[in-house]
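Comments concern the structure below.
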Amino acid sequence: MSTSTSRAEPARERLLAELRTHALVIGEVVLTSGRTAQYLVDAKRAILLPAGFAALAELVAEQAAEWSATAVGGMTMGADPIACAALAGGADVKAFFVRKETKAHGLARRIEGPVLGADDRCMLVEDVVTTGGSTIRALRAIRDEGLPVCGVLAICDRLAGGGAAIAEAAGAPYRALTTIDEVYPERPDRGWPPAGRCLSG
């Protein structure tokens with residue numbers, strides 16, 4: 001699932017090192033899905049530091065170019081720093097954030113940022129994918145606006161079925177820059193769930 005072109009690999013290795021050092025939290029936690037886990041990847045702890053952000057910027061900008069994306073964003077807050085990283089990496093794109101609910105005042109927008117049009121190619125981004133639920137909600141919001149999605153990029157896939165669910169819902173390429181097996185190879189639940197199986201939640 002991880003992308004690894006020869007040019008991007010040094011940046012990916014730097015990002016992976018930052019995730020291992022700063023983002024991996026060992027201990028019982030409750031995930032967004034409501035399930036309990038014995039570890040957590042809090043990607044923002046790594047990508048909101050200079051080295052992690054710089055590596056991410058290079059990778060996201062390269063992926064945006066590969067998919068000919070003109071807009072990069074996703075569900076707030078997971079997507080916010082990634083969309084900003086695309087701009088920092090030199091991608092010629094619009095950055096956008098999808099609100100969890102439509103704003104009740106002002107311009108009453110669900111999608112914040114520059115105005116997106118039907119000719120834009122949206123690359124959805126997410127920090128950590130478990131079940132894929134938040135990314136799929138962002139996907140629906142984008143499609144409700146009549147906007148096309150050219151691909152979905154995640155920083156880390158927990159290999160719990162979310163990637164397959166996202167790819168099916170999007171009907172577009174899905175890639176993860178890293179997987180949990182790379183970030184935490186000693187994880188106690190490695191190999192579960194079986195490939196292709198998505199746990200409920």
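Starting from 1 in every chain, residues are counted up; chains themselves are A, B, ... following the order of the structure tokens, and ligands are numbered from 1 as listed.
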
**Asked** Could you pull the residues within 6 Å of range 38-47 of chain A, counting only C-alpha atoms, minus those fewer than 5 positions along the same chain, as a count of residues only?
**Response** 11

**Message:** Give me, as a VMD selection string, all polymer residues having an atom no more than 12 Å from Ala141 in chain A, counting only C-alpha atoms and skipping those fewer than 5 positions away in the same chain.
**Reply:** chain A and resid 73 to 75 97 to 102 109 to 112 122 124 134 to 136 146 to 149 170

Could those selected residues go to a file with N, CA and C atoms, as a compact mmCIF listing (two decimals), in the first residue's frame?
```txt
# COMPACT_ATOMS: atom_id res chain seq x y z
N GLY A 73 -7.09 18.21 0.23
CA GLY A 73 -7.71 18.44 1.54
C GLY A 73 -8.48 17.23 1.99
N GLY A 74 -9.23 17.40 3.06
CA GLY A 74 -10.02 16.31 3.62
C GLY A 74 -10.65 16.75 4.91
N MET A 75 -11.06 15.77 5.71
CA MET A 75 -11.78 16.05 6.94
C MET A 75 -10.88 16.73 7.96
N PHE A 97 -10.42 22.32 3.62
CA PHE A 97 -10.77 21.53 4.79
C PHE A 97 -12.27 21.25 4.75
N VAL A 98 -12.65 20.02 5.09
CA VAL A 98 -14.06 19.64 5.16
C VAL A 98 -14.50 19.68 6.62
N ARG A 99 -15.49 20.50 6.92
CA ARG A 99 -16.02 20.57 8.28
C ARG A 99 -16.84 19.30 8.58
N LYS A 100 -16.88 18.94 9.86
CA LYS A 100 -17.70 17.79 10.25
C LYS A 100 -19.19 18.08 10.02
N GLU A 101 -19.57 19.33 10.21
CA GLU A 101 -20.94 19.77 9.95
C GLU A 101 -20.88 21.09 9.19
N THR A 102 -21.92 21.37 8.41
CA THR A 102 -21.98 22.64 7.69
C THR A 102 -22.01 23.79 8.68
N ARG A 109 -20.64 27.28 4.90
CA ARG A 109 -19.93 26.35 4.04
C ARG A 109 -19.57 25.07 4.79
N ARG A 110 -19.57 23.96 4.09
CA ARG A 110 -19.05 22.71 4.63
C ARG A 110 -17.59 22.54 4.25
N ILE A 111 -17.22 23.05 3.08
CA ILE A 111 -15.85 22.95 2.60
C ILE A 111 -15.21 24.33 2.66
N GLU A 112 -14.18 24.45 3.47
CA GLU A 112 -13.52 25.74 3.69
C GLU A 112 -12.26 25.85 2.84
N CYS A 122 -9.73 16.75 -6.99
CA CYS A 122 -9.49 16.76 -5.54
C CYS A 122 -8.73 15.52 -5.10
N LEU A 124 -7.95 13.70 -1.78
CA LEU A 124 -8.29 13.64 -0.37
C LEU A 124 -7.09 13.13 0.43
N SER A 134 -13.86 8.45 8.59
CA SER A 134 -13.80 9.91 8.44
C SER A 134 -13.45 10.31 7.01
N THR A 135 -12.59 9.53 6.36
CA THR A 135 -12.23 9.83 4.97
C THR A 135 -13.43 9.64 4.06
N ILE A 136 -14.22 8.62 4.31
CA ILE A 136 -15.41 8.36 3.49
C ILE A 136 -16.44 9.47 3.70
N GLY A 146 -20.45 18.04 -6.06
CA GLY A 146 -20.23 17.76 -7.47
C GLY A 146 -18.78 17.79 -7.90
N LEU A 147 -17.87 17.54 -6.94
CA LEU A 147 -16.44 17.63 -7.22
C LEU A 147 -15.84 16.24 -7.43
N PRO A 148 -14.97 16.07 -8.40
CA PRO A 148 -14.35 14.77 -8.65
C PRO A 148 -13.15 14.53 -7.73
N VAL A 149 -12.92 13.26 -7.40
CA VAL A 149 -11.79 12.86 -6.56
C VAL A 149 -10.82 12.06 -7.42
N ALA A 170 -14.28 5.42 -3.03
CA ALA A 170 -13.78 6.50 -3.88
C ALA A 170 -13.81 6.15 -5.36
```

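For the choices A:Arg7, A:Ala169, A:Val152, A:Thr130, the atom-to-atom distance to Ala37 in chain A is smallest for A:Thr130 when using only C-alpha atoms.
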
**Asked** Using only C-alpha atoms, which residues sit within 7 Å of Gly132 in chain A once same-chain residues fewer than 6 positions away are excluded, as a VMD selection string?
**Response** chain A and resid 162 to 163 165 to 166

**Message:** Among range 10-179 of chain A, which ones does DSSP assign to alpha helix (DSSP H) (computed from the backbone)? Answer as a VMD selection string.
**Reply:** chain A and resid 10 to 18 44 to 47 50 to 66 80 to 88 133 to 144 162 to 170

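Running DSSP on the backbone and keeping only strand (DSSP E), the residues of range 13-42 of chain A that qualify are Leu24, Val25, Ile26, Gly27, Glu28, Val29, Val30, Thr36, Ala37, Gln38, Tyr39, Leu40 and Val41 of chain A.
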
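For Ala91 in chain A, the residues within 8 Å (counting only C-alpha atoms, excluding itself and residues fewer than 4 positions away along the chain) are Ala61, Glu62, Ala64, Ala65, Ala86 and Leu87 of chain A.
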
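Comparing the minimum interatomic distances between Gly151 in chain A and each of A:Ala164, A:Ala85, A:Ala118, A:Ala69, counting only C-alpha atoms, we find that A:Ala69 sits nearest.
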
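Residue nearest Glu182 in chain A, chosen from A:Thr76, A:Asp120, A:Ala57, A:Arg158 and counting only C-alpha atoms: A:Arg158.
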
**Complete:** CA of Asp157 in chain A sits from CA of Asp144 in chain A at a separation of 25.9 Å

Contacts of Asp181 in chain A at 10 Å or less, counting only C-alpha atoms, minus same-chain residues fewer than 4 places along, as a compact mmCIF listing (two decimals) with C-alpha atoms, in the first residue's frame?
```
# COMPACT_ATOMS: atom_id res chain seq x y z
CA CYS A 156 -0.25 5.82 7.88
CA ASP A 157 -2.56 2.86 7.31
CA ARG A 158 -3.29 0.75 10.41
CA LEU A 159 -4.10 -2.20 8.10
CA PRO A 185 6.82 -3.75 13.53
CA GLU A 186 6.68 -5.27 17.03
CA ARG A 187 2.96 -4.52 17.48
CA ARG A 190 0.40 -7.87 13.85
CA GLY A 191 -1.34 -9.98 11.24
```
